[in-house]
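File shown here: model.cif, holding mmCIF, C-alpha atoms.
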data_protein
#
loop_
_atom_site.label_atom_id
_atom_site.label_comp_id
_atom_site.auth_asym_id
_atom_site.auth_seq_id
_atom_site.Cartn_x
_atom_site.Cartn_y
_atom_site.Cartn_z
CA MET A 1167 -1.52 -11.55 11.25
CA VAL A 1168 0.04 -10.09 8.09
CA THR A 1169 -2.95 -11.02 5.95
CA ALA A 1170 -5.34 -9.01 8.11
CA VAL A 1171 -3.24 -5.86 7.69
CA THR A 1172 -2.12 -5.80 4.08
CA ASN A 1173 -4.42 -8.22 2.30
CA PHE A 1174 -7.64 -6.47 3.33
CA GLY A 1175 -8.93 -9.76 4.75
CA ARG A 1176 -9.23 -11.63 1.45
CA SER A 1177 -8.62 -15.34 1.27
CA GLY A 1178 -5.98 -17.11 -0.76
CA VAL A 1179 -8.73 -18.37 -3.06
CA ALA A 1180 -9.71 -14.79 -3.91
CA ASP A 1181 -6.10 -13.93 -4.71
CA TRP A 1182 -5.78 -17.07 -6.84
CA LEU A 1183 -8.96 -16.17 -8.71
CA VAL A 1184 -7.83 -12.57 -9.30
CA GLN A 1185 -4.53 -13.84 -10.72
CA ARG A 1186 -6.17 -16.39 -13.04
CA VAL A 1187 -9.08 -14.27 -14.29
CA GLY A 1188 -6.79 -11.26 -14.70
CA GLY A 1189 -4.30 -13.39 -16.59
CA VAL A 1190 -6.98 -14.61 -19.00
CA ILE A 1191 -8.22 -11.06 -19.66
CA LEU A 1192 -4.64 -9.90 -20.28
CA LEU A 1193 -4.00 -12.82 -22.63
CA LEU A 1194 -7.17 -12.05 -24.60
CA TRP A 1195 -6.24 -8.37 -24.86
CA LEU A 1196 -2.72 -9.19 -26.01
CA CYS A 1197 -4.10 -11.57 -28.65
CA PHE A 1198 -6.51 -8.84 -29.79
CA ALA A 1199 -3.76 -6.20 -30.03
CA GLY A 1200 -1.38 -8.67 -31.66
CA ALA A 1201 -3.96 -9.62 -34.27
CA ILE A 1202 -4.49 -5.96 -35.13
CA LEU A 1203 -0.74 -5.34 -35.42
CA LEU A 1204 -0.04 -8.50 -37.42
CA GLY A 1205 -3.09 -8.05 -39.64
CA ASN A 1206 -2.18 -4.47 -40.51
CA PRO A 1207 1.57 -4.21 -41.08
CA ASP A 1208 1.30 -0.60 -42.27
CA LEU A 1209 -0.78 0.48 -39.29
CA GLY A 1210 -0.33 4.16 -38.56
CA TYR A 1211 -1.40 6.39 -35.71
CA GLN A 1212 -4.73 7.34 -37.30
CA GLU A 1213 -5.75 3.71 -37.88
CA TRP A 1214 -4.68 2.70 -34.36
CA LYS A 1215 -6.62 5.65 -32.94
CA ALA A 1216 -9.68 4.63 -34.96
CA VAL A 1217 -9.56 1.15 -33.43
CA PHE A 1218 -9.55 2.62 -29.93
CA GLU A 1219 -12.44 4.98 -30.64
CA ALA A 1220 -14.83 2.04 -30.46
CA THR A 1221 -16.45 1.94 -27.02
CA TRP A 1222 -16.13 -1.84 -26.70
CA VAL A 1223 -12.35 -1.61 -27.33
CA ARG A 1224 -12.04 1.06 -24.65
CA ILE A 1225 -14.03 -1.07 -22.18
CA PHE A 1226 -11.94 -4.13 -23.06
CA SER A 1227 -8.75 -2.09 -22.63
CA LEU A 1228 -10.00 -0.75 -19.30
CA ALA A 1229 -10.70 -4.31 -18.16
CA ALA A 1230 -7.16 -5.26 -19.21
CA LEU A 1231 -5.70 -2.28 -17.35
CA LEU A 1232 -7.61 -3.10 -14.16
CA SER A 1233 -6.66 -6.76 -14.52
CA LEU A 1234 -3.02 -5.77 -14.85
CA ALA A 1235 -3.22 -3.62 -11.72
CA ALA A 1236 -4.98 -6.36 -9.72
CA HIS A 1237 -2.56 -8.99 -11.00
CA ALA A 1238 0.40 -6.79 -10.06
CA TRP A 1239 -1.04 -6.02 -6.63
CA VAL A 1240 -1.50 -9.68 -5.70
CA GLY A 1241 1.98 -10.54 -6.96
CA LEU A 1242 3.63 -7.63 -5.17
CA TRP A 1243 1.74 -8.29 -1.94
CA CYS A 1244 2.75 -11.95 -1.98
CA THR A 1245 6.39 -11.07 -2.66
CA LEU A 1246 6.50 -8.42 0.06
CA THR A 1247 4.91 -10.66 2.68
CA ASP A 1248 7.19 -13.57 1.73
CA TYR A 1249 10.49 -11.68 1.76
CA ILE A 1250 10.07 -8.68 4.08
CA THR A 1251 9.77 -10.50 7.40
CA PRO A 1252 11.32 -9.92 10.82
CA ARG A 1253 13.15 -13.25 10.50
CA LEU A 1254 14.85 -12.18 7.25
CA ILE A 1255 15.14 -8.40 7.58
CA GLY A 1256 15.05 -7.63 11.28
CA ALA A 1257 13.00 -5.66 13.76
CA HIS A 1258 11.84 -2.99 11.32
CA ALA A 1259 10.47 -5.42 8.73
CA ASN A 1260 6.83 -4.58 9.47
CA LEU A 1261 7.47 -0.87 9.03
CA LEU A 1262 9.45 -1.44 5.83
CA ARG A 1263 6.76 -3.75 4.46
CA GLY A 1264 4.07 -1.19 5.29
CA VAL A 1265 5.95 1.58 3.50
CA LEU A 1266 6.57 -0.63 0.46
CA VAL A 1267 2.90 -1.65 0.35
CA LEU A 1268 1.89 2.02 0.38
CA VAL A 1269 4.38 2.79 -2.40
CA CYS A 1270 2.95 -0.09 -4.46
CA ILE A 1271 -0.63 1.06 -3.88
CA ALA A 1272 0.22 4.66 -4.81
CA THR A 1273 2.12 3.59 -7.92
CA LEU A 1274 -0.64 1.27 -9.13
CA PHE A 1275 -3.25 3.96 -8.46
CA ILE A 1276 -1.28 6.51 -10.49
CA TYR A 1277 -0.87 4.04 -13.36
CA VAL A 1278 -4.58 3.19 -13.37
CA VAL A 1279 -5.63 6.85 -13.38
CA TRP A 1280 -3.09 7.62 -16.10
CA GLY A 1281 -4.27 4.63 -18.14
CA ILE A 1282 -7.90 5.71 -17.84
CA GLN A 1283 -6.94 9.17 -19.07
CA ILE A 1284 -5.16 7.64 -22.05
CA ILE A 1285 -7.89 5.11 -22.91
CA TRP A 1286 -10.80 7.51 -22.58
CA GLY A 1287 -8.97 10.63 -23.77
CA ILE A 1288 -9.87 12.65 -20.70
#

Rendering of file as structure tokens:
Amino acid sequence: MVTAVTNFGRSGVADWLVQRVGGVILLLWLCFAGAILLGNPDLGYQEWKAVFEATWVRIFSLAALLSLAAHAWVGLWCTLTDYITPRLIGAHANLLRGVLVLVCIATLFIYVVWGIQIIWGI
């Protein structure tokens, strides 16, 4: 019942895949950024900006941002559905869970839009 309302009808396999693929993309991006930082100890703003002017870096960063949002969504959804239940919280658990899901969606949406503006310099 809960999955049909807040999970948009996806299966557990889809959630598992989103978590794993998103995690790999995030790991690759962190290795990329770490290599740049470790390889250039005197890296300044202009050099960092030059790295991010390459289109492929912006696309890679966008993929990492979207992976982070998807990864966070699945994790938050699982946590909310596990812990905000009528058995644990009481009669208003479904309403509370719905409000918290909307807050999570709005927050992730704002972060993604803000990240796109930063990455693409809009």

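CA of Tyr1211 (chain A) is positioned 14.8 Å from CA of Gly1287 (chain A).
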
Who sits within 9 Å of Ala1236 (chain A), only C-alpha atoms, same chain under 5 positions skipped, as a count of residues only
6

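The interatomic distance for the pair CA of Ala1199 (chain A) and CA of Trp1286 (chain A) works out to 17.1 Å.
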
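Residue neighbourhood of Ala1229 (chain A), excluding near-sequence residues (fewer than 6 positions): A:Gly1188, A:Ile1191, A:Leu1192, A:Trp1195, A:Val1223, A:Ala1235, at 10 Å, using all atoms listed in the file.
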
For region 1206-1215 of chain A, take all atoms listed in the file, fit an axis-aligned box around them, add 3 Å to each of the six sides, then output centre and edge lengths in Å rounded to one decimal, as lines of an AutoDock Vina configuration file.
center_x = -2.5
center_y = 1.4
center_z = -37.6
size_x = 14.2
size_y = 17.8
size_z = 15.3

In terms of all atoms listed in the file, the residue from A:Val1269, A:Cys1244, A:Leu1234, A:Leu1228 at minimal distance from Ile1282 (chain A) is A:Leu1228

Can you list, as a VMD selection string, the residues that the PyMOL selection byres ((chain A and resi 1263) around 10) selects here?
chain A and resid 1168 1172 1243 1246 to 1247 1249 to 1252 1258 to 1262 1264 to 1269

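Atom pair CA of Trp1182 (chain A) / CA of Thr1273 (chain A) has a distance of 22.1 Å (rounded to one decimal).
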
Would you pick out the contacts of Leu1196 (chain A) at 10 Å or less, using all atoms listed in the file, so that residues sharing its chain but fewer than 5 positions from it are not included, and give the list as a count of residues only?
6

Quick one: everything within 9 Å of Asp1181 (chain A), counting all atoms listed in the file, minus sequence neighbours fewer than 4 positions away in the same chain. Send it as a ChimeraX atom specification.
/A:1176-1177,1185-1186,1237,1240

For Val1278 (chain A), which residue out of A:Leu1204, A:Val1217, A:Leu1254, A:Leu1232 is the nearest one, using only C-alpha atoms?
A:Leu1232
